[in-house]
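Q: My structure file upload38.tsv, TSV, C-alpha atoms, is below:
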```
chain	number	residue	atom	x	y	z
A	33	MET	CA	0.00	0.00	0.00
A	34	LYS	CA	1.18	3.50	-0.85
A	35	LEU	CA	-0.20	6.64	0.81
A	36	ALA	CA	-0.27	10.23	-0.44
A	37	ASP	CA	-1.60	13.37	1.19
A	38	LYS	CA	-3.72	14.21	-1.88
A	39	TYR	CA	-4.37	13.35	-5.51
A	40	LEU	CA	-5.34	16.43	-7.49
A	41	PRO	CA	-7.31	16.17	-10.75
A	42	PRO	CA	-5.27	16.93	-13.91
A	43	LEU	CA	-7.58	19.88	-14.59
A	44	PRO	CA	-9.73	21.52	-11.93
A	45	ASP	CA	-13.39	22.23	-12.60
A	46	GLY	CA	-14.15	25.24	-14.73
A	47	GLU	CA	-14.50	26.53	-18.32
A	48	TYR	CA	-11.71	25.87	-20.80
A	49	THR	CA	-10.93	26.98	-24.36
A	50	VAL	CA	-8.54	25.11	-26.68
A	51	TYR	CA	-6.90	26.89	-29.63
A	52	VAL	CA	-5.27	24.88	-32.41
A	53	THR	CA	-3.21	26.46	-35.21
A	54	GLN	CA	-1.80	24.59	-38.19
A	55	ASP	CA	0.47	26.05	-40.88
A	56	VAL	CA	0.14	24.44	-44.33
A	57	GLU	CA	2.63	25.04	-47.14
A	58	THR	CA	0.54	25.66	-50.31
A	59	GLU	CA	3.47	26.35	-52.67
A	60	PRO	CA	6.85	24.78	-52.05
A	61	ALA	CA	9.94	26.94	-51.91
A	62	VAL	CA	11.75	27.27	-55.26
A	63	ARG	CA	15.50	27.48	-55.61
A	64	MET	CA	16.11	30.98	-56.86
A	65	ASP	CA	18.39	31.62	-59.88
A	66	ALA	CA	20.93	34.37	-59.66
A	67	SER	CA	19.69	35.97	-62.90
A	68	GLU	CA	16.17	36.34	-61.58
A	69	SER	CA	15.10	38.94	-59.15
A	70	VAL	CA	14.35	37.80	-55.70
A	71	GLY	CA	10.55	37.51	-55.25
A	72	GLU	CA	8.33	36.38	-52.49
A	73	ARG	CA	6.88	33.56	-54.59
A	74	TYR	CA	10.27	31.84	-54.74
A	75	ALA	CA	10.24	31.39	-50.99
A	76	GLY	CA	6.93	29.47	-51.13
A	77	LYS	CA	3.57	30.27	-49.65
A	78	LYS	CA	1.97	29.16	-46.39
A	79	GLU	CA	-1.53	29.34	-45.05
A	80	SER	CA	-2.59	29.15	-41.42
A	81	PHE	CA	-5.73	27.41	-40.20
A	82	GLU	CA	-7.14	27.94	-36.74
A	83	ALA	CA	-9.70	26.00	-34.73
A	84	ARG	CA	-11.22	26.79	-31.40
A	85	THR	CA	-13.35	24.70	-29.07
A	86	GLU	CA	-14.73	25.29	-25.61
A	87	PHE	CA	-15.54	22.71	-22.97
A	88	ASP	CA	-16.43	22.54	-19.30
A	89	ILE	CA	-15.10	20.22	-16.61
A	90	ILE	CA	-17.89	19.57	-14.14
A	91	SER	CA	-18.71	16.90	-11.59
A	92	ARG	CA	-21.38	16.11	-9.04
A	93	GLY	CA	-21.76	18.92	-6.54
A	94	PHE	CA	-24.82	17.93	-4.48
A	95	THR	CA	-25.04	14.14	-4.62
A	96	LEU	CA	-22.73	11.15	-4.75
A	97	LEU	CA	-23.25	8.00	-6.77
A	98	GLN	CA	-23.36	4.69	-4.95
A	99	ASP	CA	-20.66	3.39	-7.31
A	100	ASP	CA	-18.31	6.14	-6.08
A	101	VAL	CA	-18.43	4.69	-2.56
A	102	PHE	CA	-16.15	1.66	-2.32
A	103	SER	CA	-16.69	0.98	1.39
A	104	VAL	CA	-17.59	2.66	4.68
A	105	TYR	CA	-16.74	1.91	8.28
A	106	PRO	CA	-18.68	1.04	10.29
A	107	ALA	CA	-20.80	-0.65	7.65
A	108	GLU	CA	-24.31	0.63	7.10
A	109	HIS	CA	-26.76	-0.46	9.84
A	110	MET	CA	-23.92	-2.23	11.63
A	111	GLN	CA	-24.24	-2.77	15.39
A	112	GLY	CA	-21.29	-3.09	17.74
A	113	ASP	CA	-19.08	-1.43	20.29
A	114	PHE	CA	-17.60	1.48	18.32
A	115	GLN	CA	-16.62	3.64	21.28
A	116	GLY	CA	-13.27	5.30	20.66
A	117	GLU	CA	-13.51	4.74	16.89
A	118	VAL	CA	-13.96	7.25	14.09
A	119	PRO	CA	-15.86	6.48	10.88
A	120	PHE	CA	-14.33	6.72	7.43
A	121	LEU	CA	-15.42	6.50	3.79
A	122	VAL	CA	-13.34	4.99	0.98
A	123	SER	CA	-14.11	6.13	-2.56
A	124	GLY	CA	-12.98	4.62	-5.85
A	125	ALA	CA	-12.78	8.18	-7.23
A	126	ARG	CA	-9.22	9.10	-6.34
A	127	THR	CA	-9.76	12.87	-6.73
A	128	LEU	CA	-13.10	13.10	-4.92
A	129	PRO	CA	-12.05	15.28	-1.93
A	130	TRP	CA	-10.21	17.78	-4.16
A	131	MET	CA	-12.51	18.13	-7.20
A	132	TYR	CA	-13.62	21.63	-6.17
A	133	GLY	CA	-11.71	24.54	-4.73
A	134	ASP	CA	-8.07	25.43	-5.14
A	135	GLY	CA	-6.85	21.89	-4.31
A	136	ARG	CA	-5.17	23.01	-1.10
A	137	LEU	CA	-8.02	21.94	1.16
A	138	PRO	CA	-10.73	19.30	0.60
A	139	TRP	CA	-14.26	20.40	-0.19
A	140	VAL	CA	-15.86	17.59	1.87
A	141	ALA	CA	-15.92	16.55	5.52
A	142	LEU	CA	-17.26	13.52	7.40
A	143	ILE	CA	-19.36	14.35	10.44
A	144	VAL	CA	-21.18	12.19	13.00
A	145	ILE	CA	-24.56	13.10	14.48
A	146	GLY	CA	-25.81	11.09	17.46
A	147	GLU	CA	-29.36	10.54	18.60
A	148	GLU	CA	-28.76	12.85	21.57
A	149	ASP	CA	-27.80	15.77	19.32
A	150	ALA	CA	-31.04	17.72	19.51
A	151	GLY	CA	-32.38	20.17	16.98
A	152	VAL	CA	-31.06	18.45	13.84
A	153	SER	CA	-33.47	18.08	10.93
A	154	GLU	CA	-32.86	16.50	7.55
A	155	THR	CA	-34.88	16.18	4.37
A	156	ASP	CA	-34.66	15.95	0.58
A	157	ILE	CA	-35.34	19.05	-1.53
A	158	PRO	CA	-34.77	19.93	-5.21
A	159	ILE	CA	-31.44	21.56	-5.99
A	160	GLU	CA	-33.20	24.54	-7.56
A	161	GLU	CA	-35.06	25.18	-4.31
A	162	LEU	CA	-31.87	24.80	-2.32
A	163	LEU	CA	-30.04	27.45	-4.33
A	164	SER	CA	-32.93	29.90	-4.61
A	165	GLY	CA	-34.42	29.64	-1.13
A	166	LYS	CA	-33.25	31.99	1.59
A	167	THR	CA	-34.10	32.06	5.29
A	168	GLU	CA	-33.00	34.86	7.59
A	169	SER	CA	-32.19	32.58	10.53
A	170	LEU	CA	-30.54	29.88	8.38
A	171	TYR	CA	-26.97	30.22	7.11
A	172	PHE	CA	-26.26	28.68	3.73
A	173	PRO	CA	-23.62	30.07	1.30
A	174	ALA	CA	-25.58	29.47	-1.91
A	175	SER	CA	-23.34	31.78	-3.87
A	176	ALA	CA	-20.32	29.60	-3.12
A	177	MET	CA	-21.92	26.43	-4.50
A	178	PRO	CA	-20.73	25.12	-7.91
A	179	SER	CA	-22.12	27.17	-10.79
A	180	LYS	CA	-22.11	24.13	-13.08
A	181	TYR	CA	-22.74	20.56	-11.99
A	182	VAL	CA	-23.79	17.21	-13.41
A	183	GLU	CA	-27.13	17.02	-11.60
A	184	LYS	CA	-30.27	18.59	-12.99
A	185	LYS	CA	-31.96	21.43	-11.15
A	186	GLU	CA	-35.03	19.32	-10.48
A	187	ASP	CA	-32.96	16.52	-8.92
A	188	CYS	CA	-33.23	16.17	-5.15
A	189	CYS	CA	-30.40	16.44	-2.68
A	190	HIS	CA	-30.20	15.60	1.03
A	191	ILE	CA	-29.79	18.54	3.41
A	192	LEU	CA	-29.10	18.95	7.13
A	193	ASP	CA	-30.21	21.88	9.26
A	194	ILE	CA	-27.98	21.94	12.35
A	195	PRO	CA	-28.15	24.34	15.30
A	196	LEU	CA	-25.24	26.76	15.25
A	197	VAL	CA	-24.00	25.59	18.68
A	198	LEU	CA	-23.87	21.96	17.53
A	199	PHE	CA	-22.35	22.96	14.19
A	200	ARG	CA	-19.44	24.63	15.95
A	201	GLU	CA	-19.02	21.56	18.15
A	202	ILE	CA	-18.95	18.78	15.55
A	203	MET	CA	-17.49	20.43	12.44
A	204	PRO	CA	-13.74	20.09	11.82
A	205	LYS	CA	-11.66	23.22	11.53
A	206	LYS	CA	-10.52	24.27	8.10
A	207	ALA	CA	-6.93	23.45	8.95
A	208	GLU	CA	-7.94	19.97	10.12
A	209	THR	CA	-9.68	18.91	6.90
A	210	GLU	CA	-6.34	18.64	5.14
A	211	TYR	CA	-5.33	15.84	7.52
A	212	LEU	CA	-8.68	14.08	7.41
A	213	CYS	CA	-8.39	13.19	3.70
A	214	HIS	CA	-5.72	11.26	1.84
A	215	SER	CA	-5.16	9.07	-1.21
A	216	GLU	CA	-3.84	5.55	-1.29
A	217	TYR	CA	-2.86	2.87	-3.79
A	218	THR	CA	-3.52	-0.79	-3.06
A	219	PRO	CA	-2.59	-3.62	-5.48
A	220	LEU	CA	-5.74	-5.57	-6.33
A	221	ALA	CA	-4.37	-8.25	-8.65
A	222	ASP	CA	-4.82	-11.04	-6.08
A	223	THR	CA	-8.22	-9.92	-4.79
A	224	GLU	CA	-11.66	-11.17	-5.72
A	225	GLU	CA	-12.75	-10.87	-9.33
A	226	GLN	CA	-15.19	-7.96	-8.93
A	227	VAL	CA	-12.45	-5.81	-7.36
A	228	SER	CA	-9.38	-6.96	-9.28
A	229	GLY	CA	-10.45	-4.95	-12.34
A	230	MET	CA	-10.11	-1.63	-10.48
A	231	ASP	CA	-6.96	0.46	-10.80
A	232	GLY	CA	-6.24	0.34	-7.06
A	233	PHE	CA	-6.36	4.11	-6.44
A	234	PHE	CA	-8.69	5.28	-3.67
A	235	SER	CA	-9.45	8.41	-1.69
A	236	VAL	CA	-10.29	8.25	2.01
A	237	VAL	CA	-12.24	10.73	4.14
A	238	ILE	CA	-12.02	10.28	7.91
A	239	GLY	CA	-14.35	11.65	10.56
A	240	ASN	CA	-13.15	13.94	13.33
A	241	ARG	CA	-15.50	12.69	16.05
A	242	PHE	CA	-15.84	9.40	17.92
A	243	ILE	CA	-19.07	7.50	17.31
A	244	PRO	CA	-21.38	8.25	20.27
A	245	PRO	CA	-23.39	5.52	22.05
A	246	GLY	CA	-26.77	4.65	20.55
A	247	LYS	CA	-27.96	5.29	17.03
A	248	ALA	CA	-25.85	7.66	14.96
A	249	ALA	CA	-25.79	8.97	11.40
A	250	VAL	CA	-22.59	9.61	9.44
A	251	HIS	CA	-22.76	12.28	6.73
A	252	LEU	CA	-20.31	13.24	4.00
A	253	VAL	CA	-21.05	16.96	3.69
A	254	SER	CA	-19.89	19.73	1.38
A	255	VAL	CA	-17.93	22.56	3.03
A	256	LEU	CA	-17.66	24.79	-0.04
A	257	GLY	CA	-17.99	28.43	0.94
A	258	TYR	CA	-18.26	27.80	4.69
A	259	PRO	CA	-15.91	29.89	6.79
A	260	ASP	CA	-14.31	28.45	9.89
A	261	TYR	CA	-16.90	27.85	12.60
A	262	GLY	CA	-15.40	30.62	14.75
A	263	SER	CA	-16.01	33.23	12.06
A	264	SER	CA	-18.23	36.22	12.74
A	265	GLU	CA	-20.21	35.49	9.53
A	266	TYR	CA	-22.38	33.07	11.51
A	267	GLU	CA	-23.50	35.76	13.94
A	268	GLY	CA	-27.23	36.36	13.79
A	269	TYR	CA	-28.09	32.87	12.53
A	270	ASP	CA	-29.71	30.09	14.56
A	271	LYS	CA	-28.97	27.18	12.26
A	272	VAL	CA	-26.56	26.18	9.50
A	273	ARG	CA	-27.62	24.23	6.41
A	274	LEU	CA	-25.33	21.54	5.00
A	275	VAL	CA	-25.60	19.41	1.86
A	276	SER	CA	-25.16	15.72	2.65
A	277	LEU	CA	-23.59	14.02	-0.35
A	278	TYR	CA	-23.81	10.55	1.20
A	279	HIS	CA	-25.00	9.23	4.56
A	280	TRP	CA	-25.49	5.98	6.44
A	281	GLY	CA	-26.60	4.88	9.88
A	282	VAL	CA	-24.82	2.85	12.57
A	283	CYS	CA	-25.64	1.72	16.10
A	284	CYS	CA	-23.03	1.84	18.85
A	285	GLU	CA	-23.77	-0.57	21.69
A	286	PRO	CA	-21.08	-0.26	24.37
A	287	GLN	CA	-20.28	-3.57	26.01
A	288	GLU	CA	-20.28	-3.68	29.78
A	289	ARG	CA	-16.94	-4.83	31.13
A	290	VAL	CA	-17.60	-7.66	33.58
A	291	ASP	CA	-15.44	-10.35	35.12
A	292	PHE	CA	-16.17	-14.02	35.79
A	293	ARG	CA	-17.06	-13.49	39.45
A	294	ARG	CA	-19.65	-10.85	38.64
A	295	VAL	CA	-21.25	-13.05	36.02
A	296	MET	CA	-21.51	-15.99	38.45
A	297	GLU	CA	-22.98	-13.83	41.20
A	298	GLN	CA	-25.74	-12.67	38.89
A	299	LEU	CA	-26.74	-16.16	37.81
A	300	ASP	CA	-30.15	-17.41	38.89
A	301	SER	CA	-29.56	-20.80	40.45
A	302	GLY	CA	-33.21	-21.73	40.00
A	303	MET	CA	-32.58	-22.83	36.43
A	304	PHE	CA	-30.06	-25.39	37.66
A	305	GLN	CA	-32.34	-27.17	40.13
A	306	GLY	CA	-33.28	-29.80	37.59
A	307	ASN	CA	-36.54	-31.61	37.08
A	308	ARG	CA	-36.97	-34.85	39.02
A	309	LYS	CA	-39.58	-36.03	36.53
A	310	ASN	CA	-37.24	-35.52	33.57
A	311	ARG	CA	-34.35	-37.96	33.24
A	312	LEU	CA	-32.27	-35.68	31.02
A	313	SER	CA	-32.77	-32.64	33.23
A	314	GLU	CA	-31.87	-34.62	36.33
A	315	ALA	CA	-28.68	-35.81	34.65
A	316	GLY	CA	-27.62	-32.25	33.91
A	317	VAL	CA	-28.37	-32.61	30.21
A	318	CYS	CA	-30.17	-30.13	28.02
A	319	ALA	CA	-31.53	-30.64	24.51
A	320	LYS	CA	-30.18	-28.35	21.80
A	321	GLU	CA	-31.22	-27.66	18.24
A	322	HIS	CA	-28.62	-29.17	15.93
A	323	TYR	CA	-27.99	-28.39	12.25
A	324	THR	CA	-25.80	-30.94	10.51
A	325	ARG	CA	-23.22	-29.99	7.90
A	326	SER	CA	-25.57	-31.22	5.19
A	327	GLY	CA	-28.20	-28.73	6.40
A	328	ASP	CA	-30.53	-31.22	8.11
A	329	ARG	CA	-32.22	-30.09	11.30
A	330	THR	CA	-32.19	-32.42	14.30
A	331	GLY	CA	-31.64	-32.40	18.05
A	332	SER	CA	-28.65	-33.19	20.25
A	333	LEU	CA	-27.72	-33.49	23.91
A	334	TYR	CA	-25.31	-31.21	25.73
A	335	HIS	CA	-23.80	-31.40	29.22
A	336	SER	CA	-22.97	-27.98	30.62
A	337	PRO	CA	-19.57	-27.75	32.36
A	338	LEU	CA	-21.22	-25.73	35.16
A	339	VAL	CA	-23.83	-27.66	37.19
A	340	PRO	CA	-24.31	-27.52	40.98
A	341	TYR	CA	-24.37	-31.31	41.31
A	342	LYS	CA	-22.60	-34.33	39.89
A	343	PRO	CA	-24.34	-35.43	36.69
A	344	GLU	CA	-24.63	-39.01	35.56
A	345	ASP	CA	-21.68	-40.55	33.81
A	346	ILE	CA	-20.92	-38.82	30.56
A	347	PRO	CA	-19.75	-41.09	27.71
A	348	GLN	CA	-15.95	-41.01	27.66
A	349	VAL	CA	-13.92	-40.26	24.57
A	350	MET	CA	-10.39	-41.58	24.92
A	351	GLU	CA	-8.93	-40.97	21.46
A	352	PRO	CA	-7.89	-37.44	20.50
A	353	GLY	CA	-10.13	-35.86	17.90
A	354	CYS	CA	-8.97	-34.09	14.75
A	355	SER	CA	-12.30	-32.28	14.30
A	356	ALA	CA	-15.47	-31.47	16.23
A	357	ASP	CA	-17.47	-34.06	14.27
A	358	SER	CA	-15.09	-36.84	15.31
A	359	LEU	CA	-16.07	-36.21	18.96
A	360	LEU	CA	-19.81	-36.64	18.52
A	361	VAL	CA	-21.05	-39.42	20.83
A	362	TYR	CA	-24.17	-41.40	19.96
A	363	ASP	CA	-26.57	-41.84	22.92
A	364	LYS	CA	-28.25	-45.23	22.40
A	365	GLU	CA	-30.98	-44.62	24.97
A	366	SER	CA	-32.28	-41.40	23.44
A	367	GLY	CA	-31.18	-42.12	19.88
A	368	VAL	CA	-29.48	-38.73	19.40
A	369	PHE	CA	-25.92	-37.45	19.49
A	370	ASP	CA	-24.18	-35.98	22.53
A	371	VAL	CA	-22.24	-32.88	21.46
A	372	THR	CA	-20.53	-32.13	24.78
A	373	TYR	CA	-17.01	-33.05	23.66
A	374	ALA	CA	-17.54	-31.64	20.18
A	375	ALA	CA	-18.56	-28.28	21.65
A	376	ALA	CA	-15.56	-28.32	24.01
A	377	TRP	CA	-13.22	-29.09	21.11
A	378	GLN	CA	-14.69	-26.22	19.06
A	379	TYR	CA	-14.43	-23.80	21.97
A	380	GLY	CA	-10.83	-24.83	22.60
A	381	ARG	CA	-9.90	-24.22	19.00
A	382	MET	CA	-11.55	-20.79	19.00
A	383	ALA	CA	-9.79	-19.85	22.24
A	384	ALA	CA	-6.42	-20.94	20.84
A	385	LEU	CA	-6.86	-19.13	17.52
A	386	SER	CA	-7.90	-15.94	19.30
A	387	GLU	CA	-4.24	-15.55	20.34
A	388	ASP	CA	-2.21	-13.97	17.55
A	389	GLY	CA	0.89	-16.05	18.28
A	390	THR	CA	-0.93	-19.38	18.19
A	391	ALA	CA	-2.86	-18.53	15.05
A	392	GLN	CA	0.37	-17.52	13.30
A	393	LYS	CA	2.08	-20.77	14.31
A	394	VAL	CA	-0.83	-22.80	12.99
A	395	ALA	CA	-0.75	-20.90	9.70
A	396	ASP	CA	3.04	-21.37	9.41
A	397	CYS	CA	2.66	-25.09	10.11
A	398	ARG	CA	0.01	-25.47	7.42
A	399	ASN	CA	2.10	-23.55	4.91
A	400	GLN	CA	5.14	-25.70	5.66
A	401	ILE	CA	3.11	-28.90	5.19
A	402	GLN	CA	1.85	-27.60	1.84
A	403	ARG	CA	5.38	-26.68	0.74
A	404	ASN	CA	6.69	-30.12	1.70
A	405	PHE	CA	3.83	-31.78	-0.15
A	406	ARG	CA	4.46	-29.77	-3.32
A	407	LYS	CA	8.20	-30.39	-3.08
A	408	GLU	CA	7.69	-34.14	-2.68
A	409	ALA	CA	5.23	-34.22	-5.59
A	410	ALA	CA	7.70	-32.34	-7.81
A	411	GLU	CA	10.54	-34.69	-6.87
A	412	ASN	CA	8.40	-37.75	-7.61
A	413	MET	CA	7.42	-36.32	-10.98
A	414	ALA	CA	11.01	-35.52	-11.84
A	415	TYR	CA	12.04	-39.06	-10.85
A	416	ARG	CA	9.41	-40.57	-13.14
A	417	MET	CA	10.50	-38.32	-16.00
A	418	GLU	CA	14.21	-39.13	-15.57
A	419	PRO	CA	15.32	-41.42	-18.49
A	420	ASP	CA	16.98	-44.78	-17.93
A	421	TYR	CA	20.31	-44.19	-19.62
A	422	GLY	CA	21.41	-47.82	-19.34
A	423	GLU	CA	18.31	-49.07	-21.10
A	424	THR	CA	18.69	-46.39	-23.77
A	425	CYS	CA	22.30	-47.42	-24.48
A	426	VAL	CA	21.29	-51.08	-24.90
A	427	LYS	CA	18.58	-50.12	-27.39
A	428	LEU	CA	20.98	-47.93	-29.37
A	429	ALA	CA	23.58	-50.75	-29.47
A	430	GLY	CA	20.96	-53.10	-30.87
A	431	ILE	CA	19.96	-50.60	-33.52
A	432	TRP	CA	23.53	-50.02	-34.65
A	433	SER	CA	24.26	-53.78	-34.69
A	434	GLY	CA	21.29	-54.35	-36.99
A	435	ARG	CA	22.47	-51.61	-39.30
A	436	GLU	CA	25.97	-53.11	-39.48
A	437	ARG	CA	24.56	-56.50	-40.48
A	438	LYS	CA	22.41	-54.94	-43.18
A	439	THR	CA	25.43	-53.06	-44.51
A	440	LYS	CA	27.55	-56.19	-44.75
```
Please rewrite the model in this file as structure tokens.
A:
Amino acid sequence: MKLADKYLPPLPDGEYTVYVTQDVETEPAVRMDASESVGERYAGKKESFEARTEFDIISRGFTLLQDDVFSVYPAEHMQGDFQGEVPFLVSGARTLPWMYGDGRLPWVALIVIGEEDAGVSETDIPIEELLSGKTESLYFPASAMPSKYVEKKEDCCHILDIPLVLFREIMPKKAETEYLCHSEYTPLADTEEQVSGMDGFFSVVIGNRFIPPGKAAVHLVSVLGYPDYGSSEYEGYDKVRLVSLYHWGVCCEPQERVDFRRVMEQLDSGMFQGNRKNRLSEAGVCAKEHYTRSGDRTGSLYHSPLVPYKPEDIPQVMEPGCSADSLLVYDKESGVFDVTYAAAWQYGRMAALSEDGTAQKVADCRNQIQRNFRKEAAENMAYRMEPDYGETCVKLAGIWSGRERKTK
């Protein structure tokens, strides 16, 4: 992977004019004779042709295509413990953050709005209404928006109306936006087919705020024409309007840090009393829904490792197992499998692989076995392809002997 602070477009947005001039020689130059007077026609004639064309470089200024978004983190509608993490958006358009403006600072920012951030409203309105509408208590620099853009005026865009106090709290400073965007190159030749065809250049926009607990919305907003939040231009306004180019929702569910003792103290022992009328319950066995590897649905028995009494004898497995399925024990009385040892084997493997050192050793061991296997297969193939020189010499001697007899 290669990182760069920015990737500017070859030509910034704007109006351009191309002039082309071509000189064509209509009469070739003639070698002048000394007896003739020097004339202009002897030097040849040329004509000039000019062509002029005008074109505009424009891009999307109020919306963002889904195809321009390669990935986001956290993923849309994802739930998890994201405390202490900032969101980011990866775009396959390498110049996205620097398409507008002078190229020194990005024209976009990634902000996070939590469910506790009061006073925020969002809706979809036509672009024409956005640029023409004006509210005294709402700050929106319509004059600083792109004069030409890909979208049509009747197309809708997503807007946010944020209280000025919250705006000053969650928006990054102008000087910070430069460090919240960067470009990167990642080789994709060995990736999955739908990604390997891409050129590997991406742009990344990072948020400046940790994801708050509860439901939150992440917005990629345009900051064209907005002064720094401490500017006096905001004085007299109650809210600030932002154009959200792309947005998605996440849910942060902080996990409570508990230890083993606290968990055990909060257990309700009533569920472990057992049922004297139920043989399985009395033996400390519970029935579990079991899906086989072929997809069939059945039931199985499971002995919990934590019971307040000594359960009946559990079938013993003496031989070490190489997989969880090899440790399934068939209960003849009930006619179903006992998955106690299989579950323990699976848990042990997950616990071992959760350690980086162990997982790396297992991967190294597997790679070494594969290398040895390929090396042995190559040696065996080379051995089979090696010619028997002794047998070849005998055959050649016989051939030459036959030729000598024919000659004589």
Q: Produce the centre coordinates and the three edge lengths, each in Å to one decimal, of the box along x, y and z that contains all listed atoms of segment 129-144 of chain A with 4 Å added on each side, as AutoDock Vina command-line options.
A:
```
--center_x -13.2 --center_y 18.8 --center_z 2.9 --size_x 24.0 --size_y 21.2 --size_z 28.2
```
Q: Using all atoms listed in the file, which of the listed residues (A:Arg126, A:Arg381, A:Arg84, A:Lys364) sits closest to Gly232 of chain A?
A: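 Looking only at the distances to Gly232 of chain A, the closest residue turns out to be A:Arg126.
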Q: Go through A:Tyr261, A:Phe369, A:Phe94, A:Tyr362 one by one, measure the shortest atom-to-atom distance of each to Leu198 of chain A using only C-alpha atoms, and give the residue with the smallest value.
A: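 Result for the nearest residue to Leu198 of chain A: A:Tyr261.
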Q: With only C-alpha atoms as the atoms that count, which of A:Leu359, A:Leu35, A:Val52, A:Val104 lies nearest to Glu82 of chain A?
A: A:Val52
Q: Under the rule that only C-alpha atoms are counted, which of A:Glu168, A:Asp370, A:Glu47, A:Asp396 is the nearest residue to Arg273 of chain A?
A: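 Of the candidates, the smallest distance to Arg273 of chain A is held by A:Glu168.
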Q: Could you work out how far atom CA of Leu256 of chain A lies from atom CA of His109 of chain A, giving the answer in Å with one decimal?
A: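 If I compute the distance from atom CA of His109 of chain A to atom CA of Leu256 of chain A, I get 28.6 Å.
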Q: Find the distance between atom CA of Gly281 of chain A and atom CA of Ala248 of chain A and write it in Å to one decimal.
A: 5.8 Å
Q: Write out as a VMD selection string each polymer residue whose atoms come within 6 Å of segment 131-141 of chain A, counting all atoms listed in the file; drop sequence neighbours fewer than 4 positions from it.
A: chain A and resid 127 210 252 to 256
Q: Record the distance separating atom CA of Glu57 of chain A and atom CA of Ala83 of chain A, expressed in Å with one decimal.
A: 17.5 Å
Q: Pick the closest to Cys189 of chain A from A:Gly380, A:Pro119, A:Gly229, A:Pro158: which is it, counting all atoms listed in the file?
A: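 Using all atoms listed in the file, the shortest distance to Cys189 of chain A belongs to A:Pro158.
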Q: Choose the residue, out of A:Thr85, A:Thr372, A:Ser80, A:Thr49, that has the smallest atom-to-atom separation from Ala356 of chain A; count all atoms listed in the file.
A: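 Nearest to Ala356 of chain A: A:Thr372.
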Q: Determine, counting only C-alpha atoms, which protein, DNA and RNA residues have an atom within 12 Å of an atom of Gly239 of chain A; residues of the same chain fewer than 4 positions away are not included. Present the result as a PyMOL selection string.
A: chain A and resi 104-106+116-122+140-145+202-205+208-213+243+249-253
Q: Output the selection as a PDB file, in the frame of the given file - C-alpha atoms for each residue.
A:
```pdb
ATOM      1  CA  VAL A 104     -17.590   2.660   4.680  1.00  0.00           C
ATOM      2  CA  TYR A 105     -16.740   1.910   8.280  1.00  0.00           C
ATOM      3  CA  PRO A 106     -18.680   1.040  10.290  1.00  0.00           C
ATOM      4  CA  GLY A 116     -13.270   5.300  20.660  1.00  0.00           C
ATOM      5  CA  GLU A 117     -13.510   4.740  16.890  1.00  0.00           C
ATOM      6  CA  VAL A 118     -13.960   7.250  14.090  1.00  0.00           C
ATOM      7  CA  PRO A 119     -15.860   6.480  10.880  1.00  0.00           C
ATOM      8  CA  PHE A 120     -14.330   6.720   7.430  1.00  0.00           C
ATOM      9  CA  LEU A 121     -15.420   6.500   3.790  1.00  0.00           C
ATOM     10  CA  VAL A 122     -13.340   4.990   0.980  1.00  0.00           C
ATOM     11  CA  VAL A 140     -15.860  17.590   1.870  1.00  0.00           C
ATOM     12  CA  ALA A 141     -15.920  16.550   5.520  1.00  0.00           C
ATOM     13  CA  LEU A 142     -17.260  13.520   7.400  1.00  0.00           C
ATOM     14  CA  ILE A 143     -19.360  14.350  10.440  1.00  0.00           C
ATOM     15  CA  VAL A 144     -21.180  12.190  13.000  1.00  0.00           C
ATOM     16  CA  ILE A 145     -24.560  13.100  14.480  1.00  0.00           C
ATOM     17  CA  ILE A 202     -18.950  18.780  15.550  1.00  0.00           C
ATOM     18  CA  MET A 203     -17.490  20.430  12.440  1.00  0.00           C
ATOM     19  CA  PRO A 204     -13.740  20.090  11.820  1.00  0.00           C
ATOM     20  CA  LYS A 205     -11.660  23.220  11.530  1.00  0.00           C
ATOM     21  CA  GLU A 208      -7.940  19.970  10.120  1.00  0.00           C
ATOM     22  CA  THR A 209      -9.680  18.910   6.900  1.00  0.00           C
ATOM     23  CA  GLU A 210      -6.340  18.640   5.140  1.00  0.00           C
ATOM     24  CA  TYR A 211      -5.330  15.840   7.520  1.00  0.00           C
ATOM     25  CA  LEU A 212      -8.680  14.080   7.410  1.00  0.00           C
ATOM     26  CA  CYS A 213      -8.390  13.190   3.700  1.00  0.00           C
ATOM     27  CA  ILE A 243     -19.070   7.500  17.310  1.00  0.00           C
ATOM     28  CA  ALA A 249     -25.790   8.970  11.400  1.00  0.00           C
ATOM     29  CA  VAL A 250     -22.590   9.610   9.440  1.00  0.00           C
ATOM     30  CA  HIS A 251     -22.760  12.280   6.730  1.00  0.00           C
ATOM     31  CA  LEU A 252     -20.310  13.240   4.000  1.00  0.00           C
ATOM     32  CA  VAL A 253     -21.050  16.960   3.690  1.00  0.00           C
TER      33      VAL A 253
END
```
